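Text of the file start.txt, holding compact mmCIF, C-alpha atoms and all ligand atoms:
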```
# COMPACT_ATOMS: atom_id res chain seq x y z
CA MET A 1 3.95 -1.98 6.21
CA ALA A 2 6.23 -4.67 4.75
CA GLY A 3 8.44 -4.58 7.89
CA GLU A 4 5.47 -5.14 10.20
CA CYS A 5 4.21 -7.99 8.02
CA ALA A 6 7.58 -9.73 8.14
CA ALA A 7 7.69 -9.37 11.94
CA CYS A 8 4.10 -10.52 12.40
CA GLY A 9 4.52 -13.52 10.11
CA GLY A 10 1.14 -13.29 8.41
CA LYS A 11 -1.35 -13.46 11.27
CA CYS A 12 -4.09 -12.42 8.85
CA CYS A 13 -3.74 -15.77 7.04
CA ARG A 14 -3.87 -17.68 10.35
CA TRP A 15 -7.32 -17.53 11.79
CA ALA A 16 -6.81 -17.99 15.51
CA LYS A 17 -10.07 -17.40 17.37
CA GLY A 18 -10.50 -13.73 18.17
CA PHE A 19 -7.92 -12.70 15.63
CA TRP A 20 -9.48 -13.04 12.23
CA ASN A 21 -12.16 -14.84 10.28
CA PRO A 22 -12.05 -16.90 7.13
CA SER A 23 -12.13 -14.58 4.10
CA MET A 24 -15.44 -14.01 2.38
CA LEU A 25 -15.58 -15.06 -1.27
CA THR A 26 -17.77 -13.80 -4.08
CA LYS A 27 -18.83 -16.22 -6.85
CA LYS A 28 -16.47 -14.42 -9.21
CA GLU A 29 -13.58 -14.89 -6.79
CA ILE A 30 -14.40 -18.59 -6.42
CA GLU A 31 -14.31 -18.96 -10.21
CA ALA A 32 -10.96 -17.14 -10.44
CA ILE A 33 -9.38 -19.35 -7.76
CA ARG A 34 -10.84 -22.49 -9.36
CA LYS A 35 -9.32 -21.49 -12.68
CA LEU A 36 -5.94 -20.73 -11.11
CA THR A 37 -5.67 -23.81 -8.90
CA GLY A 38 -7.93 -26.44 -10.52
CA ARG A 39 -9.35 -27.00 -7.02
CA ASP A 40 -12.94 -27.01 -5.87
CA ASP A 41 -12.45 -27.89 -2.21
CA PHE A 42 -11.39 -24.51 -0.84
CA TYR A 43 -14.68 -22.90 0.17
CA THR A 44 -17.74 -23.49 2.28
CA ARG A 45 -20.83 -21.57 3.40
CA ASP A 46 -21.22 -19.62 6.64
CA GLN A 47 -24.42 -17.74 7.45
CA GLY A 48 -25.31 -17.41 3.78
CA HIS A 49 -21.84 -16.29 2.62
CA PHE A 50 -19.18 -18.25 0.79
CA VAL A 51 -16.01 -18.34 2.89
CA MET A 52 -12.53 -19.77 2.48
CA LYS A 53 -11.81 -23.00 4.36
CA ASN A 54 -8.94 -23.57 6.75
CA LYS A 55 -6.58 -26.53 6.34
CA GLY A 56 -8.60 -28.66 8.75
CA ARG A 57 -7.54 -31.45 11.15
CA GLY A 58 -6.66 -28.92 13.85
CA ASN A 59 -4.86 -26.56 11.48
CA ILE A 60 -6.73 -23.24 11.39
CA ASN A 61 -4.53 -21.58 8.77
CA CYS A 62 -6.05 -20.60 5.44
CA ILE A 63 -6.25 -23.63 3.17
CA PHE A 64 -3.89 -21.95 0.70
CA LEU A 65 -1.25 -20.57 3.07
CA ASP A 66 2.21 -21.95 2.30
CA GLU A 67 3.34 -22.99 5.79
CA SER A 68 7.09 -22.80 5.17
CA SER A 69 7.34 -19.53 3.22
CA ARG A 70 4.17 -18.00 4.82
CA MET A 71 3.34 -16.71 1.35
CA CYS A 72 0.02 -16.78 -0.47
CA PRO A 73 0.21 -19.14 -3.47
CA ILE A 74 -2.92 -17.60 -5.02
CA TYR A 75 -1.76 -14.01 -4.52
CA GLU A 76 -2.94 -12.71 -7.92
CA SER A 77 -6.43 -14.15 -7.35
CA ARG A 78 -6.70 -13.65 -3.59
CA PRO A 79 -10.11 -12.46 -2.39
CA LEU A 80 -10.97 -8.80 -1.86
CA GLU A 81 -10.83 -9.19 1.90
CA CYS A 82 -7.21 -10.37 1.70
CA GLU A 83 -6.28 -7.72 -0.84
CA LEU A 84 -7.54 -4.85 1.35
CA PHE A 85 -6.51 -6.06 4.80
CA PRO A 86 -6.03 -4.43 7.32
CA LEU A 87 -8.37 -1.95 5.61
CA ASP A 88 -11.97 -2.99 5.43
CA ILE A 89 -15.15 -1.40 4.06
CA LYS A 90 -17.96 -1.24 6.60
CA MET A 91 -21.49 0.09 6.64
CA ASP A 92 -21.84 2.94 9.12
CA GLY A 93 -25.01 5.02 9.37
CA GLY A 94 -26.06 3.96 5.87
CA LYS A 95 -22.69 5.00 4.36
CA LEU A 96 -19.65 3.02 3.34
CA VAL A 97 -16.63 3.82 5.47
CA TRP A 98 -13.07 2.62 5.42
CA SER A 99 -11.98 1.12 8.73
CA LEU A 100 -8.86 -0.54 10.04
CA CYS A 101 -8.98 -3.94 11.71
CA LEU A 102 -7.10 -3.44 14.96
CA LYS A 103 -6.10 -7.08 15.22
CA CYS A 104 -3.36 -6.23 12.70
CA PRO A 105 -0.19 -5.07 14.50
CA ALA A 106 0.51 -2.51 11.75
CA ALA A 107 -3.00 -1.07 12.00
CA GLU A 108 -2.85 -0.90 15.79
CA LYS A 109 -0.10 1.73 15.53
CA ALA A 110 -2.56 4.02 13.72
CA VAL A 111 -4.56 4.47 16.94
CA LYS A 112 -1.82 6.67 18.44
CA ASP A 113 -0.06 7.91 15.29
CA ALA A 114 -1.86 10.48 13.11
CA GLY A 115 0.80 10.11 10.39
CA ILE A 116 0.05 6.39 10.03
CA ARG A 117 -3.70 7.14 9.93
CA GLU A 118 -3.06 9.60 7.08
CA ASP A 119 -1.08 6.94 5.19
CA PHE A 120 -3.99 4.52 5.54
CA GLU A 121 -6.43 7.24 4.45
CA ARG A 122 -4.38 7.85 1.28
CA MET A 123 -4.36 4.10 0.65
CA ALA A 124 -8.14 3.86 1.20
CA LYS A 125 -8.80 6.68 -1.28
CA GLU A 126 -6.75 4.88 -3.93
CA LEU A 127 -8.50 1.60 -3.18
CA ASP A 128 -11.95 3.17 -3.68
CA ALA A 129 -11.36 3.24 -7.42
CA VAL A 130 -9.87 -0.29 -7.47
CA VAL A 131 -12.80 -1.80 -5.55
CA ALA A 132 -15.46 0.06 -7.56
CA LYS A 133 -13.89 -1.13 -10.81
CA LYS A 134 -13.36 -4.73 -9.77
CA TYR A 135 -16.54 -5.54 -7.84
CA PRO A 136 -20.26 -5.15 -8.58
CA LYS A 137 -22.29 -3.15 -6.06
CA GLU A 138 -23.93 -6.31 -4.64
CA SER A 139 -20.52 -7.77 -3.81
CA ILE A 140 -19.37 -4.53 -2.15
CA MET A 141 -22.56 -4.47 -0.07
CA GLU A 142 -22.12 -8.13 0.91
CA PHE A 143 -18.51 -7.45 1.84
CA ALA A 144 -19.42 -4.33 3.85
CA THR A 145 -21.96 -6.17 5.97
CA PHE A 146 -19.99 -9.41 6.31
CA PHE A 147 -19.28 -10.50 9.89
CA ASP A 148 -21.08 -7.56 11.45
CA HIS A 149 -22.34 -10.10 13.96
CA GLU A 150 -18.77 -10.43 15.26
CA SER A 151 -17.99 -6.74 15.49
CA GLU A 152 -17.78 -6.88 19.25
CA GLU A 153 -14.97 -9.37 19.04
CA ILE A 154 -13.01 -7.57 16.34
CA LYS A 155 -12.32 -3.86 16.91
CA TYR A 156 -12.16 -1.37 14.06
CA LEU A 157 -10.85 2.18 13.73
CA LYS A 158 -12.77 4.41 11.34
CA ILE A 159 -10.46 6.04 8.80
CA CYS A 160 -12.59 7.92 6.24
CA GLU A 161 -15.75 7.79 4.18
CA SER A 162 -15.66 5.79 0.98
CA LYS A 163 -16.51 7.53 -2.30
CA ILE A 164 -18.27 4.41 -3.58
CA ARG A 165 -22.00 5.01 -3.91
CA LEU A 166 -24.26 1.97 -3.76
S1 LIG B 1 -1.78 -9.04 10.27
FE1 LIG B 1 -1.18 -7.01 9.53
S2 LIG B 1 1.05 -6.86 9.96
FE2 LIG B 1 0.44 -9.05 10.06
S3 LIG B 1 0.86 -9.85 7.97
FE3 LIG B 1 -1.32 -9.25 8.07
S4 LIG B 1 -1.33 -7.13 7.28
FE4 LIG B 1 0.78 -7.60 7.84
S1 LIG B 2 -6.02 -16.47 0.33
FE1 LIG B 2 -3.88 -15.97 0.56
S2 LIG B 2 -3.82 -13.91 1.47
FE2 LIG B 2 -5.88 -14.76 1.79
S3 LIG B 2 -5.82 -15.74 3.81
FE3 LIG B 2 -5.35 -17.32 2.29
S4 LIG B 2 -3.09 -17.35 2.15
FE4 LIG B 2 -3.71 -15.42 3.16
```

Could you quickly redo this structure as structure tokens?
Amino acid sequence: MAGECAACGGKCCRWAKGFWNPSMLTKKEIEAIRKLTGRDDFYTRDQGHFVMKNKGRGNINCIFLDESSRMCPIYESRPLECELFPLDIKMDGGKLVWSLCLKCPAAEKAVKDAGIREDFERMAKELDAVVAKKYPKESIMEFATFFDHESEEIKYLKICESKIRL
């Protein structure tokens, strides 16, 4: 996926309307970023969730995005949503499922290519263990139901069931 990311130039860190949303943050993630950066001005609340701010003054890019290198300066403490993207955990029929956000150019290819879908499925299965170890069940639930109200704007492709049990 590295090739696609280089070509796309990090659209997932640039929140143009209809492309992506500010990343959700858990309290633990806020603490980790505070510790790393010494900043306390990077988050706000949206519909009961903590979310990352953009740069403001007409600049919709993530507050942390390095504009010249297009790299993430908080990479080791980036939120779960950033770490998983374009994979995402969603609630579907009372179960957690792994889905792909089709706004990502790399993920879009999976619609027509079964081989790419299998690669993402392998990735999702590995990430199950990472997510279950790193996040408490409440955070996973919050993450899985985050931005459901915008699901008509952002299309997802279901990949596989998650093994995480809430
Ligand atoms: S939107 Fe997709 S292809 Fe573009 S940088 Fe993000 S993960 Fe990579
Ligand atoms: S925290 Fe990092 S990876 Fe996440 S949107 Fe901001 S710059 Fe991108």

I'd like a table as JSON lines: residues in chain A with an atom no more than 6 Å from ligand LIG 1 (chain B), each row giving the shortest atom pair and its distance in Å to one decimal, all atoms listed in the file counted, sorted by chain and rising residue number.
```
{"residue": "A:Glu4", "atom": "CA", "partner": "B:LIG1", "partner_atom": "S2", "distance": 4.7}
{"residue": "A:Cys5", "atom": "CA", "partner": "B:LIG1", "partner_atom": "FE4", "distance": 3.5}
{"residue": "A:Cys8", "atom": "CA", "partner": "B:LIG1", "partner_atom": "FE2", "distance": 4.6}
{"residue": "A:Gly9", "atom": "CA", "partner": "B:LIG1", "partner_atom": "S3", "distance": 5.6}
{"residue": "A:Gly10", "atom": "CA", "partner": "B:LIG1", "partner_atom": "S3", "distance": 3.5}
{"residue": "A:Lys11", "atom": "CA", "partner": "B:LIG1", "partner_atom": "S1", "distance": 4.6}
{"residue": "A:Cys12", "atom": "CA", "partner": "B:LIG1", "partner_atom": "FE3", "distance": 4.3}
{"residue": "A:Phe85", "atom": "CA", "partner": "B:LIG1", "partner_atom": "S4", "distance": 5.8}
{"residue": "A:Pro86", "atom": "CA", "partner": "B:LIG1", "partner_atom": "S4", "distance": 5.4}
{"residue": "A:Cys104", "atom": "CA", "partner": "B:LIG1", "partner_atom": "FE1", "distance": 3.9}
{"residue": "A:Pro105", "atom": "CA", "partner": "B:LIG1", "partner_atom": "S2", "distance": 5.0}
{"residue": "A:Ala106", "atom": "CA", "partner": "B:LIG1", "partner_atom": "S2", "distance": 4.7}
```

May I have the residues within 12 Å of ligand LIG 2 (chain B), computed using only C-alpha atoms and all ligand atoms, as an NGL selection string?
:A and (5 or 9-16 or 20-25 or 29-30 or 32-33 or 37 or 42-43 or 51-55 or 60-86)

Gap from CA of Asp40 (chain A) to CA of Lys27 (chain A) - Å, one decimal
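Separating CA of Asp40 (chain A) from CA of Lys27 (chain A) is a distance of 12.3 Å.
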
Using all atoms listed in the file, which of A:Glu108, A:Glu142, A:Val131, A:Thr44 sits nearest Met1 (chain A)?
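Of all the options, A:Glu108 lies closest to Met1 (chain A).
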
For a test of reading the model, state the distance in Å between CA of Lys90 (chain A) and CA of Glu118 (chain A), rounded to one decimal.
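That distance, rounded to one decimal, is 18.4 Å.
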
Distance query Ser99 (chain A) at most 9 Å, only C-alpha atoms, self and fewer than 6 positions along chain excluded, as a list of chain:residue names
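Listed by chain and then number, they are A:Pro86, A:Leu87, A:Asp88, A:Ile89, A:Lys90, A:Ala124, A:Tyr156, A:Leu157, A:Lys158, A:Ile159, A:Cys160, A:Glu161.
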
Atoms to include: C-alpha atoms. Write the selected residues as a compact mmCIF listing (two decimals), in the frame of the given file.
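Just written: again36.txt:
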```txt
# COMPACT_ATOMS: atom_id res chain seq x y z
CA PRO A 86 -6.03 -4.43 7.32
CA LEU A 87 -8.37 -1.95 5.61
CA ASP A 88 -11.97 -2.99 5.43
CA ILE A 89 -15.15 -1.40 4.06
CA LYS A 90 -17.96 -1.24 6.60
CA ALA A 124 -8.14 3.86 1.20
CA TYR A 156 -12.16 -1.37 14.06
CA LEU A 157 -10.85 2.18 13.73
CA LYS A 158 -12.77 4.41 11.34
CA ILE A 159 -10.46 6.04 8.80
CA CYS A 160 -12.59 7.92 6.24
CA GLU A 161 -15.75 7.79 4.18
```

Length of the CA of Ala144 (chain A) to CA of Lys95 (chain A) vector [Å]
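Answer for the CA of Ala144 (chain A) to CA of Lys95 (chain A) separation: 9.9 Å.
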
Taking all atoms listed in the file into account, which of A:Lys28, A:Lys125, A:Arg165, A:Arg117 comes nearest Leu96 (chain A)?
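Nearest candidate to Leu96 (chain A) out of A:Lys28, A:Lys125, A:Arg165, A:Arg117: A:Arg165.
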
Return the padded bounding box of region 154-162 of chain A as JSON: axis-aligned, built from all atoms listed in the file, 4 Å added on each side, with centre and edge lengths in Å to one decimal.
```
{"center_x": -13.1, "center_y": 0.2, "center_z": 8.9, "size_x": 13.3, "size_y": 23.5, "size_z": 23.9}
```

A:Leu100, A:Ala110, A:Ile140, A:Ile164: which is nearest Glu126 (chain A), counting all atoms listed in the file?
A:Ile164
